[in-house]
Amino acid sequence: MANHVWGLMSHPGPELQQIQRERETVSHVYSHHVLLMALIPVVCSFIGTTQLGWNFGDGQKLMVSMFTASYIAVIFYVLMLAAVALMGRIIYWMARRYDSRPTLNSCIVFAGYVATPMFLSGLVALYPMVWLCLFVGIIGLCYSGYLLYLGIPNFLNIDRREGFLFSSSTLAMGVLVLELLLALTVIMWGYGTQLF
């Protein structure tokens with residue numbers, strides 16, 4: 001797993017080709033990559049919100065109790081795992097009109113690896129300052145978009161010209177899924193004390 005993470009960040013093109021050659025299954029990519037990587041934002045958010053509290057920039061901090069943070073962390077974790085599977089299904093659904101017709105398995109594996117920068121951007125939640133989390137999240141989203149544009153033609157065997165349009169559509173759908181996930185996250189971590 002660590003090799004793929006480093007490879008995706010340092011030399012993504014060859015690393016995506018290496019991942020494709022390995023022909024991983026969904027269960028393998030989840031057990032060796034997604035389940036572990038999704039823990040990064042969950043654990044960091046748990047520590048940051050219980051020890052430091054959300055900092056909205058106005059001098060006040062919103063602390064979340066350990067009990068509430070535990071419930072929120074579990075829900076947050078499950079939502080992220082579901083978001084990866086959902087994006088894999090979206091890629092599969094959108095790719096059905098192409099001759100190569102990638103399998104659902106390869107689409108979910110691809111989505112799991114494309115989400116890596118987003119998972120890594122969760123490290124910033126150790127210091128939960130809203131503007132900082134948004135800034136680093138945007139950087140993670142941009143790099144995930146780059147992996148998407150780079151990987152669609154190679155990983156899913158779609159022509160480069162068509163792959164650009166496919167990647168753009170997939171990125172738009174991914175941003176919608178991310179916005180939904182972020183909205184739920186803000187509601188849970190920001191207002192968890194009142195909800196739970």
# chains A, B, ... in the order shown; residues from 1 in each chain; ligands from 1
$ residues_around --residues "segment 55-60 of chain A" --least-positions-apart "2" --cutoff "7 Å" --atoms "only C-alpha atoms" --output "list of chain:residue names"
A:Gly53, A:Leu62, A:Pro128, A:Met129, A:Val130
$ residues_around --residues "segment 22-33 of chain A" --least-positions-apart "5" --cutoff "10 Å" --atoms "only C-alpha atoms" --output "PyMOL selection string"
chain A and resi 1-2+4-5+16-17+38+81+84-85+104-110+112-113+116
$ closest_residue --among "A:Leu178, A:Val114, A:Met94, A:Leu86" --to "Tyr146 of chain A" --atoms "only C-alpha atoms"
A:Val114
$ closest_residue --among "A:Ala115, A:Ala82, A:Ile187, A:Met63" --to "Gly48 of chain A" --atoms "only C-alpha atoms"
A:Met63
$ closest_residue --among "A:Phe67, A:Phe155, A:Tyr77, A:Tyr143" --to "Pro102 of chain A" --atoms "only C-alpha atoms"
A:Phe155
$ closest_residue --among "A:Leu8, A:Val42, A:Met173, A:Ile139" --to "Leu79 of chain A" --atoms "only C-alpha atoms"
A:Val42
$ select_by_dssp --residues "segment 8-180 of chain A" --states "strand (DSSP E)" --output "list in words"
Trp54, Asn55, Lys61 and Leu62 of chain A
$ write_last_selection --atoms "all heavy atoms" --output "PDB file, in the first residue's frame"
ATOM      1  N   TRP A  54     -12.911  22.912  16.647  1.00  0.00           N
ATOM      2  CA  TRP A  54     -13.000  23.632  15.376  1.00  0.00           C
ATOM      3  C   TRP A  54     -12.706  25.092  15.595  1.00  0.00           C
ATOM      4  O   TRP A  54     -13.278  25.732  16.474  1.00  0.00           O
ATOM      5  CB  TRP A  54     -14.405  23.506  14.774  1.00  0.00           C
ATOM      6  CG  TRP A  54     -14.602  22.269  13.972  1.00  0.00           C
ATOM      7  CD1 TRP A  54     -15.338  21.181  14.324  1.00  0.00           C
ATOM      8  CD2 TRP A  54     -14.056  21.993  12.686  1.00  0.00           C
ATOM      9  NE1 TRP A  54     -15.277  20.236  13.327  1.00  0.00           N
ATOM     10  CE2 TRP A  54     -14.506  20.711  12.310  1.00  0.00           C
ATOM     11  CE3 TRP A  54     -13.232  22.698  11.814  1.00  0.00           C
ATOM     12  CZ2 TRP A  54     -14.158  20.124  11.109  1.00  0.00           C
ATOM     13  CZ3 TRP A  54     -12.890  22.110  10.607  1.00  0.00           C
ATOM     14  CH2 TRP A  54     -13.353  20.849  10.268  1.00  0.00           C
ATOM     15  N   ASN A  55     -11.849  25.648  14.773  1.00  0.00           N
ATOM     16  CA  ASN A  55     -11.514  27.062  14.833  1.00  0.00           C
ATOM     17  C   ASN A  55     -12.092  27.717  13.584  1.00  0.00           C
ATOM     18  O   ASN A  55     -11.680  27.430  12.474  1.00  0.00           O
ATOM     19  CB  ASN A  55      -9.995  27.243  14.880  1.00  0.00           C
ATOM     20  CG  ASN A  55      -9.582  28.680  15.051  1.00  0.00           C
ATOM     21  OD1 ASN A  55     -10.355  29.603  14.815  1.00  0.00           O
ATOM     22  ND2 ASN A  55      -8.345  28.874  15.463  1.00  0.00           N
ATOM     23  N   LYS A  61     -13.685  28.485  19.724  1.00  0.00           N
ATOM     24  CA  LYS A  61     -13.437  27.114  19.301  1.00  0.00           C
ATOM     25  C   LYS A  61     -14.613  26.241  19.718  1.00  0.00           C
ATOM     26  O   LYS A  61     -15.131  26.388  20.818  1.00  0.00           O
ATOM     27  CB  LYS A  61     -12.149  26.579  19.898  1.00  0.00           C
ATOM     28  CG  LYS A  61     -10.923  27.281  19.353  1.00  0.00           C
ATOM     29  CD  LYS A  61      -9.671  26.632  19.817  1.00  0.00           C
ATOM     30  CE  LYS A  61      -8.490  27.349  19.180  1.00  0.00           C
ATOM     31  NZ  LYS A  61      -7.238  26.730  19.502  1.00  0.00           N
ATOM     32  N   LEU A  62     -15.008  25.353  18.834  1.00  0.00           N
ATOM     33  CA  LEU A  62     -16.094  24.431  19.096  1.00  0.00           C
ATOM     34  C   LEU A  62     -15.507  23.058  19.374  1.00  0.00           C
ATOM     35  O   LEU A  62     -14.973  22.402  18.472  1.00  0.00           O
ATOM     36  CB  LEU A  62     -17.053  24.369  17.893  1.00  0.00           C
ATOM     37  CG  LEU A  62     -18.209  23.397  18.017  1.00  0.00           C
ATOM     38  CD1 LEU A  62     -19.155  23.834  19.136  1.00  0.00           C
ATOM     39  CD2 LEU A  62     -18.955  23.319  16.701  1.00  0.00           C
TER      40      LEU A  62
END
$ closest_residue --among "A:Leu184, A:Ile158, A:Val124, A:Ala73" --to "Arg97 of chain A" --atoms "only C-alpha atoms"
A:Ile158
$ residues_around --residues "Leu182 of chain A" --least-positions-apart "3" --cutoff "12 Å" --atoms "only C-alpha atoms" --output "list in words"
Pro41, Phe76, Leu79, Met80, Ala83, Met118, Gly122, Val130, Cys133, Leu134, Gly137, Ile138, Gly174, Val175, Leu176, Val177, Leu178, Glu179, Thr185, Val186, Ile187, Met188, Trp189 and Gly190 of chain A
$ residues_around --residues "Gly163 of chain A" --least-positions-apart "3" --cutoff "8 Å" --atoms "only C-alpha atoms" --output "PyMOL selection string"
chain A and resi 149+152-153+158-160+166-167
$ closest_residue --among "A:Gln20, A:Ser45, A:Thr170, A:Asn154" --to "Gly88 of chain A" --atoms "only C-alpha atoms"
A:Thr170
$ atom_distance --atom1 "atom CA of Val74 of chain A" --atom2 "atom CA of Gly145 of chain A"
26.8 Å
$ atom_distance --atom1 "atom CA of Met87 of chain A" --atom2 "atom CA of Leu148 of chain A"
11.5 Å
$ select_by_dssp --residues "segment 48-165 of chain A" --states "helix (DSSP H, G or I)" --output "PyMOL selection string"
chain A and resi 48-52+66-95+104-114+116-126+130-155+160-165
